[in-house]
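Colleague: Take a look at the following structure, please.
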Amino acid sequence: MLLEEQYIKSGMEMGINDGTGMGISEGYELGVKKGEEIGTEVGYYLGCVETWCELVSIPNAKFPARAEKLLNELVLLISEYSTSQMDPQNEQLHEILEKIRSKFKLV
């Protein structure tokens, strides 16, 4: 029985070590993929907002005041998101991203 228990214990330790290594690498890959997706999304929003801000600044351009206000709010939110991203543990990142998405839909 002692030999059998040693093999079970050894196999369990090897399984835990292998599983931990695989979990870390899979988590890293998923993080890179999701980071790229979110970065692309926020970059798209920023590009649209910058273009719209340029259009709004054209003399005699007729844009509703509400649209200009929303654009300014979006610029601030995207800036806040960019600076908050320095800390990946920041729990507000998701909230800020949801606000950006909502404001973008309103413009």
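Residue numbering restarts at 1 in every chain; chains get A, B, ... in the order shown in the structure tokens, and ligands count up from 1 in that same order.
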Give the helix (DSSP H, G or I) residues of chain A, as DSSP finds them on the backbone, and put them as JSON, numbers by chain.
Modeller: {"A": [2, 3, 4, 5, 6, 7, 8, 9, 10, 11, 12, 13, 14, 15, 16, 17, 18, 19, 20, 21, 22, 23, 24, 25, 26, 27, 28, 29, 30, 31, 32, 33, 34, 35, 36, 37, 38, 39, 40, 41, 42, 43, 44, 45, 46, 47, 48, 49, 50, 51, 52, 53, 54, 55, 56, 65, 66, 67, 68, 69, 70, 71, 72, 73, 74, 75, 76, 77, 78, 79, 80, 81, 82, 83, 84, 92, 93, 94, 95, 96, 97, 98, 99, 100, 101, 102, 103, 104, 105, 106]}
Colleague: Leaving out A:Trp52 and any residue of its chain fewer than 4 positions from it, which residues lie within 9 Å of it when counting only C-alpha atoms, given as number ranges by chain?
Modeller: A: 47-48, 56-57, 68, 71
Colleague: Store the residues picked out above in a file with all heavy atoms, as an mmCIF file, in the first residue's frame.
Modeller:
```
data_model
loop_
_atom_site.group_PDB
_atom_site.id
_atom_site.type_symbol
_atom_site.label_atom_id
_atom_site.label_comp_id
_atom_site.auth_asym_id
_atom_site.auth_seq_id
_atom_site.Cartn_x
_atom_site.Cartn_y
_atom_site.Cartn_z
ATOM 1 N N GLY A 47 -10.517 57.138 -32.740
ATOM 2 C CA GLY A 47 -10.388 57.628 -34.109
ATOM 3 C C GLY A 47 -11.656 58.322 -34.582
ATOM 4 O O GLY A 47 -11.605 59.396 -35.194
ATOM 5 N N CYS A 48 -12.799 57.726 -34.293
ATOM 6 C CA CYS A 48 -14.077 58.334 -34.676
ATOM 7 C C CYS A 48 -14.279 59.657 -33.957
ATOM 8 O O CYS A 48 -14.662 60.659 -34.571
ATOM 9 C CB CYS A 48 -15.235 57.395 -34.349
ATOM 10 S SG CYS A 48 -15.317 55.931 -35.393
ATOM 11 N N VAL A 56 -16.618 69.107 -36.106
ATOM 12 C CA VAL A 56 -17.352 70.060 -35.295
ATOM 13 C C VAL A 56 -16.631 71.414 -35.268
ATOM 14 O O VAL A 56 -17.267 72.459 -35.209
ATOM 15 C CB VAL A 56 -17.541 69.514 -33.857
ATOM 16 C CG1 VAL A 56 -18.013 70.583 -32.906
ATOM 17 C CG2 VAL A 56 -18.522 68.353 -33.869
ATOM 18 N N SER A 57 -15.310 71.387 -35.335
ATOM 19 C CA SER A 57 -14.538 72.630 -35.237
ATOM 20 C C SER A 57 -14.538 73.442 -36.538
ATOM 21 O O SER A 57 -14.054 74.564 -36.558
ATOM 22 C CB SER A 57 -13.098 72.324 -34.815
ATOM 23 O OG SER A 57 -12.429 71.624 -35.850
ATOM 24 N N GLU A 68 -21.787 67.876 -29.485
ATOM 25 C CA GLU A 68 -20.491 68.408 -29.060
ATOM 26 C C GLU A 68 -20.205 68.040 -27.605
ATOM 27 O O GLU A 68 -19.084 67.666 -27.264
ATOM 28 C CB GLU A 68 -20.459 69.925 -29.225
ATOM 29 C CG GLU A 68 -20.413 70.361 -30.682
ATOM 30 C CD GLU A 68 -20.294 71.862 -30.818
ATOM 31 O OE1 GLU A 68 -19.442 72.454 -30.121
ATOM 32 O OE2 GLU A 68 -21.059 72.437 -31.607
ATOM 33 N N LEU A 71 -19.271 64.406 -27.413
ATOM 34 C CA LEU A 71 -17.920 64.189 -27.914
ATOM 35 C C LEU A 71 -16.884 64.567 -26.867
ATOM 36 O O LEU A 71 -15.897 63.844 -26.663
ATOM 37 C CB LEU A 71 -17.688 64.981 -29.208
ATOM 38 C CG LEU A 71 -18.397 64.449 -30.444
ATOM 39 C CD1 LEU A 71 -18.218 65.410 -31.613
ATOM 40 C CD2 LEU A 71 -17.892 63.062 -30.806
#
```
Colleague: Excluding A:Gln92 and residues on its chain fewer than 5 positions from it, collect all residues at most 9 Å away from it, counting only C-alpha atoms, and give them as a PDB file with N, CA, C and O atoms, in the first residue's frame.
Modeller:
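The file below, selection_3.pdb, is the result:
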```
ATOM      1  N   TYR A  81      -9.746  56.162 -19.445  1.00  0.00           N
ATOM      2  CA  TYR A  81      -9.546  54.729 -19.656  1.00  0.00           C
ATOM      3  C   TYR A  81      -8.087  54.433 -19.966  1.00  0.00           C
ATOM      4  O   TYR A  81      -7.506  53.493 -19.439  1.00  0.00           O
ATOM      5  N   SER A  84      -6.063  54.775 -16.805  1.00  0.00           N
ATOM      6  CA  SER A  84      -6.421  53.745 -15.825  1.00  0.00           C
ATOM      7  C   SER A  84      -5.852  52.389 -16.212  1.00  0.00           C
ATOM      8  O   SER A  84      -5.698  51.517 -15.372  1.00  0.00           O
ATOM      9  N   LEU A  97     -15.173  51.409 -19.655  1.00  0.00           N
ATOM     10  CA  LEU A  97     -15.390  50.913 -21.009  1.00  0.00           C
ATOM     11  C   LEU A  97     -16.885  50.865 -21.333  1.00  0.00           C
ATOM     12  O   LEU A  97     -17.292  51.231 -22.444  1.00  0.00           O
TER      13      LEU A  97
END
```
Colleague: For A:Leu93, which residue among A:Glu54, A:Glu29, A:Glu80, A:Glu4 is the nearest when counting only C-alpha atoms?
Modeller: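 Closest to A:Leu93, using only C-alpha atoms: A:Glu80.
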Colleague: Let me make sure I understand: among A:Ile8, A:Glu98, A:Gly39, A:Phe63, which one has the smallest atom-to-atom distance to A:Ser82 if we use only C-alpha atoms?
Modeller: A:Gly39
Colleague: Using only C-alpha atoms, can you tell me which of A:Ser25, A:Ser10, A:Ser79, A:Thr20 comes closest to A:Val49?
Modeller: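 Once distances to A:Val49 are computed over only C-alpha atoms, the minimum belongs to A:Ser79.
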Colleague: Quick one: of A:Leu3, A:Leu77, A:Cys53, A:Met12, who's nearest to A:Ser102, counting only C-alpha atoms?
Modeller: A:Leu77
Colleague: Any idea what the distance is between atom CA of A:Lys105 and atom CA of A:Leu74?
Modeller: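 One can read the atom CA of A:Lys105 to atom CA of A:Leu74 distance as 10.7 Å.
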Colleague: What is the atom CA of A:Thr51-atom CA of A:Lys33 distance in Å, reported with one decimal?
Modeller: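 Rounded to one decimal, the two atoms are 27.2 Å apart.
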